[in-house]
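Reading through the structure tokens given below for one structure.
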Amino acid sequence: MNERVTARLDRMPTVHEETLDFAFVDAVAEAQGPHLLPSGTLVDIDVHFVGGGRHWDRWEVADIGFIVTFRLDNTLLRTKVVLLQSKRLYPRESEFIEDEGITRPGGFGSLMRPSLPASLGSRTFRFDEACRYKALRVGDTQWQAISHYEKEYNLPVRYLLYHPHSIPTQASIPVAIPLERPIAPPDVGARVLSGEALRLLTREFSRNYAPSYGELRDGHGQVGYRLPEFVVDRVLSCLDGYVVDDATENEGLRRVFSQRGAPIAAAVRMDINLPG
């Protein structure tokens, strides 16, 4: 999952944020359905993708929601929810273009318009500590909506931050074939940072300030948790995630998961049934 998302950003440094969400969901969907482990544990994964498009004002709380249920011999023990708001790191040379995302004015017909030939020349895009999360603005409307949601419903939101395989690095467009793929797992890659930690790290910045990668690093030189570590070591080990008493009666969860205009793009359910 981490490798799949990161490889897409490594290959095309100007890719839209939505496309990285697609890669995330697609990687999880490969494991869709029930799987029986050697221990006898049955893990069933289901994915539902709603989509975003040009709905910026409504898609404000989370892009991806994780629902994890723990069962013992088919008896429900616990349900946990993790809400992820995704943001990507921009290279130095890239403009901010996420307002429209991959949904273009004019619909499919826009693809019929002539485009600038890639043969006009090669462009190099660099990622370093000064690069910024340009769609992540301190104190803007979305920032306030997430903060208000956390306070009103006592439901924490995590930021899923997309990065290239390593930093510093660079990539060129047009992409040269054959592709050179990193052998080692991502050193940076997709990482998860809590909304509380983000607000603490940016408390001295002015409104609408877009923080850089270097400004979000902690005392260990890292930005949050690597995605696999967050899921396995934090969520599945019961160190992170919101424990749900009754999902049907929880207004905060109902607003995200059960409304037609809910502010979320995709949901992933992982049902873990331990043998008795």
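The way I read the labels, and the way they are meant: chains A, B, ... in the order of the structure tokens, residue 1 as the first residue of every chain, and ligand 1 as the first ligand shown, with later ones counted on from there.
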
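Residues within 7 Å of His48 (chain A), counting only C-alpha atoms and excluding same-chain residues fewer than 6 positions away, are Ala266, Ala267 and Val268 of chain A.
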
Return as a PyMOL selection string the full set of residues in region 180-211 of chain A whose backbone-based DSSP assignment is strand (DSSP E). chain A and resi 191-194

Might you pull out every residue within 8 Å of Arg207 (chain A), with only C-alpha atoms counted and same-chain residues fewer than 4 positions away left off, and present them as a list of chain:residue names?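 Non-adjacent residues within range: A:Arg137, A:Val138, A:Gly139, A:Asp140.
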
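Among the candidate residues A:Arg8, A:Arg217, A:Arg254, A:Arg191, the one lying nearest to Glu229 (chain A) is A:Arg191, with distances computed using only C-alpha atoms.
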
Distance of CA of Gly65 (chain A) from CA of Thr6 (chain A), expressed in Å to one decimal place: 19.6 Å

Residue neighbourhood Gly40 (chain A), 12 Å, only C-alpha atoms, exclusion window fewer than 4 positions, as a list in words: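 Within the cut-off, the hits are His35, Leu36, Leu72, Asp73, Ile272, Asn273, Leu274, Pro275 and Gly276 of chain A.
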
Grab the CA of Glu129 (chain A) to CA of Thr202 (chain A) distance for me, in Å with one decimal place.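 Separation of CA of Glu129 (chain A) and CA of Thr202 (chain A): 15.6 Å.
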
Would you mind listing what lies within 9 Å of region 213-216 of chain A as an MDAnalysis selection string, with only C-alpha atoms counted and same-chain residues fewer than 3 positions away left out? chainID A and resid 89 128:133 198 201:202 221:224

Serialized selection, N, CA and C atoms, as a PDB file, in the first residue's frame:
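The resulting file, out_16.pdb, is reproduced below:
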ATOM      1  N   LEU A  89       2.747  16.416  -0.524  1.00  0.00           N
ATOM      2  CA  LEU A  89       3.855  17.363  -0.566  1.00  0.00           C
ATOM      3  C   LEU A  89       4.092  17.760  -2.012  1.00  0.00           C
ATOM      4  N   ASP A 128      12.551  18.573  -1.342  1.00  0.00           N
ATOM      5  CA  ASP A 128      13.500  18.734  -0.247  1.00  0.00           C
ATOM      6  C   ASP A 128      12.744  19.232   0.986  1.00  0.00           C
ATOM      7  N   GLU A 129      13.464  19.573   2.041  1.00  0.00           N
ATOM      8  CA  GLU A 129      12.824  19.959   3.296  1.00  0.00           C
ATOM      9  C   GLU A 129      12.023  21.252   3.196  1.00  0.00           C
ATOM     10  N   ALA A 130      12.325  22.087   2.195  1.00  0.00           N
ATOM     11  CA  ALA A 130      11.613  23.355   2.048  1.00  0.00           C
ATOM     12  C   ALA A 130      10.309  23.211   1.269  1.00  0.00           C
ATOM     13  N   CYS A 131      10.057  22.038   0.672  1.00  0.00           N
ATOM     14  CA  CYS A 131       8.821  21.836  -0.088  1.00  0.00           C
ATOM     15  C   CYS A 131       7.613  21.867   0.845  1.00  0.00           C
ATOM     16  N   ARG A 132       6.494  22.336   0.313  1.00  0.00           N
ATOM     17  CA  ARG A 132       5.334  22.595   1.161  1.00  0.00           C
ATOM     18  C   ARG A 132       4.121  21.732   0.803  1.00  0.00           C
ATOM     19  N   TYR A 133       3.262  21.568   1.802  1.00  0.00           N
ATOM     20  CA  TYR A 133       1.956  20.930   1.608  1.00  0.00           C
ATOM     21  C   TYR A 133       0.997  22.058   1.225  1.00  0.00           C
ATOM     22  N   LEU A 198      -0.379  18.240  14.446  1.00  0.00           N
ATOM     23  CA  LEU A 198      -0.211  19.228  13.387  1.00  0.00           C
ATOM     24  C   LEU A 198      -0.456  20.634  13.905  1.00  0.00           C
ATOM     25  N   LEU A 201       2.492  21.759  16.034  1.00  0.00           N
ATOM     26  CA  LEU A 201       3.690  22.082  15.264  1.00  0.00           C
ATOM     27  C   LEU A 201       3.554  23.395  14.497  1.00  0.00           C
ATOM     28  N   THR A 202       2.327  23.811  14.209  1.00  0.00           N
ATOM     29  CA  THR A 202       2.107  25.012  13.393  1.00  0.00           C
ATOM     30  C   THR A 202       1.519  26.169  14.196  1.00  0.00           C
ATOM     31  N   GLY A 221      13.363  13.694  13.681  1.00  0.00           N
ATOM     32  CA  GLY A 221      13.548  13.961  12.266  1.00  0.00           C
ATOM     33  C   GLY A 221      12.504  13.327  11.372  1.00  0.00           C
ATOM     34  N   GLN A 222      11.376  12.889  11.960  1.00  0.00           N
ATOM     35  CA  GLN A 222      10.337  12.224  11.198  1.00  0.00           C
ATOM     36  C   GLN A 222       9.047  13.044  11.194  1.00  0.00           C
ATOM     37  N   VAL A 223       8.227  12.809  10.187  1.00  0.00           N
ATOM     38  CA  VAL A 223       6.888  13.392  10.134  1.00  0.00           C
ATOM     39  C   VAL A 223       5.893  12.287  10.473  1.00  0.00           C
ATOM     40  N   GLY A 224       5.394  12.279  11.687  1.00  0.00           N
ATOM     41  CA  GLY A 224       4.416  11.277  12.090  1.00  0.00           C
ATOM     42  C   GLY A 224       4.926   9.854  11.977  1.00  0.00           C
TER      43      GLY A 224
END

Could you check how far CA of Tyr159 (chain A) sits from CA of Glu204 (chain A), in Å to one decimal?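 Interatomic distance here is 19.2 Å.
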
Would you please give, as a ChimeraX atom specification, all residues of region 61-263 of chain A that DSSP assigns to helix (DSSP H, G or I) based on the backbone? /A:107-112,118-120,141-153,195-201,214-216,227-235,247-249,251-257

May I have a table of the residues of region 209-252 of chain A lying at most 8 Å from region 147-155 of chain A, giving each one's closest pair of atoms and their distance in Å to one decimal, counting only C-alpha atoms, ordered by chain and ascending residue number, as a tab-separated table?
residue	atom	partner	partner_atom	distance
A:Tyr242	CA	A:Leu155	CA	6.7
A:Glu251	CA	A:Tyr153	CA	7.4
A:Gly252	CA	A:Tyr153	CA	5.3

For the selection you just gave me, I'd like the residues written to a file as a PDB file, in the first residue's frame, keeping all heavy atoms.
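Result file follows (out-v3.pdb):
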ATOM      1  N   TYR A 242     -10.371   5.575  17.235  1.00  0.00           N
ATOM      2  CA  TYR A 242     -11.495   5.926  18.093  1.00  0.00           C
ATOM      3  C   TYR A 242     -12.345   4.684  18.347  1.00  0.00           C
ATOM      4  O   TYR A 242     -12.819   4.037  17.403  1.00  0.00           O
ATOM      5  CB  TYR A 242     -12.337   7.019  17.424  1.00  0.00           C
ATOM      6  CG  TYR A 242     -13.572   7.407  18.184  1.00  0.00           C
ATOM      7  CD1 TYR A 242     -13.501   8.281  19.266  1.00  0.00           C
ATOM      8  CD2 TYR A 242     -14.824   6.905  17.828  1.00  0.00           C
ATOM      9  CE1 TYR A 242     -14.638   8.654  19.968  1.00  0.00           C
ATOM     10  CE2 TYR A 242     -15.967   7.268  18.520  1.00  0.00           C
ATOM     11  CZ  TYR A 242     -15.866   8.137  19.587  1.00  0.00           C
ATOM     12  OH  TYR A 242     -16.996   8.496  20.284  1.00  0.00           O
ATOM     13  N   GLU A 251     -23.453  10.461  16.348  1.00  0.00           N
ATOM     14  CA  GLU A 251     -23.780  11.481  15.355  1.00  0.00           C
ATOM     15  C   GLU A 251     -22.565  11.855  14.510  1.00  0.00           C
ATOM     16  O   GLU A 251     -22.689  12.108  13.304  1.00  0.00           O
ATOM     17  CB  GLU A 251     -24.330  12.729  16.047  1.00  0.00           C
ATOM     18  CG  GLU A 251     -24.638  13.895  15.109  1.00  0.00           C
ATOM     19  CD  GLU A 251     -25.690  13.562  14.068  1.00  0.00           C
ATOM     20  OE1 GLU A 251     -26.479  12.623  14.284  1.00  0.00           O
ATOM     21  OE2 GLU A 251     -25.713  14.248  13.022  1.00  0.00           O
ATOM     22  N   GLY A 252     -21.380  11.882  15.127  1.00  0.00           N
ATOM     23  CA  GLY A 252     -20.180  12.222  14.374  1.00  0.00           C
ATOM     24  C   GLY A 252     -19.881  11.215  13.286  1.00  0.00           C
ATOM     25  O   GLY A 252     -19.527  11.581  12.159  1.00  0.00           O
TER      26      GLY A 252
END

Counting only C-alpha atoms, the option among A:Tyr162, A:Trp143, A:Phe70, A:Tyr90 closest to Asp44 (chain A): A:Phe70

List the neighbours of region 175-184 of chain A out to 9 Å using only C-alpha atoms; skip same-chain residues closer than 6 positions along the sequence, and give me the result as a list in words.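 Counting only the stated atoms, we get Ala7, Asp10, Arg11, Met12, Ser122 and His165 of chain A.
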
Selection above as a file: C-alpha atoms, as an mmCIF file, in the first residue's frame:
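Written output follows (result08.cif):
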data_model
loop_
_atom_site.group_PDB
_atom_site.id
_atom_site.type_symbol
_atom_site.label_atom_id
_atom_site.label_comp_id
_atom_site.auth_asym_id
_atom_site.auth_seq_id
_atom_site.Cartn_x
_atom_site.Cartn_y
_atom_site.Cartn_z
ATOM 1 C CA ALA A 7 5.687 4.876 -6.504
ATOM 2 C CA ASP A 10 7.904 9.118 -7.553
ATOM 3 C CA ARG A 11 7.007 8.499 -11.175
ATOM 4 C CA MET A 12 4.846 11.585 -11.750
ATOM 5 C CA SER A 122 12.222 18.037 -20.012
ATOM 6 C CA HIS A 165 10.197 7.526 -1.631
#
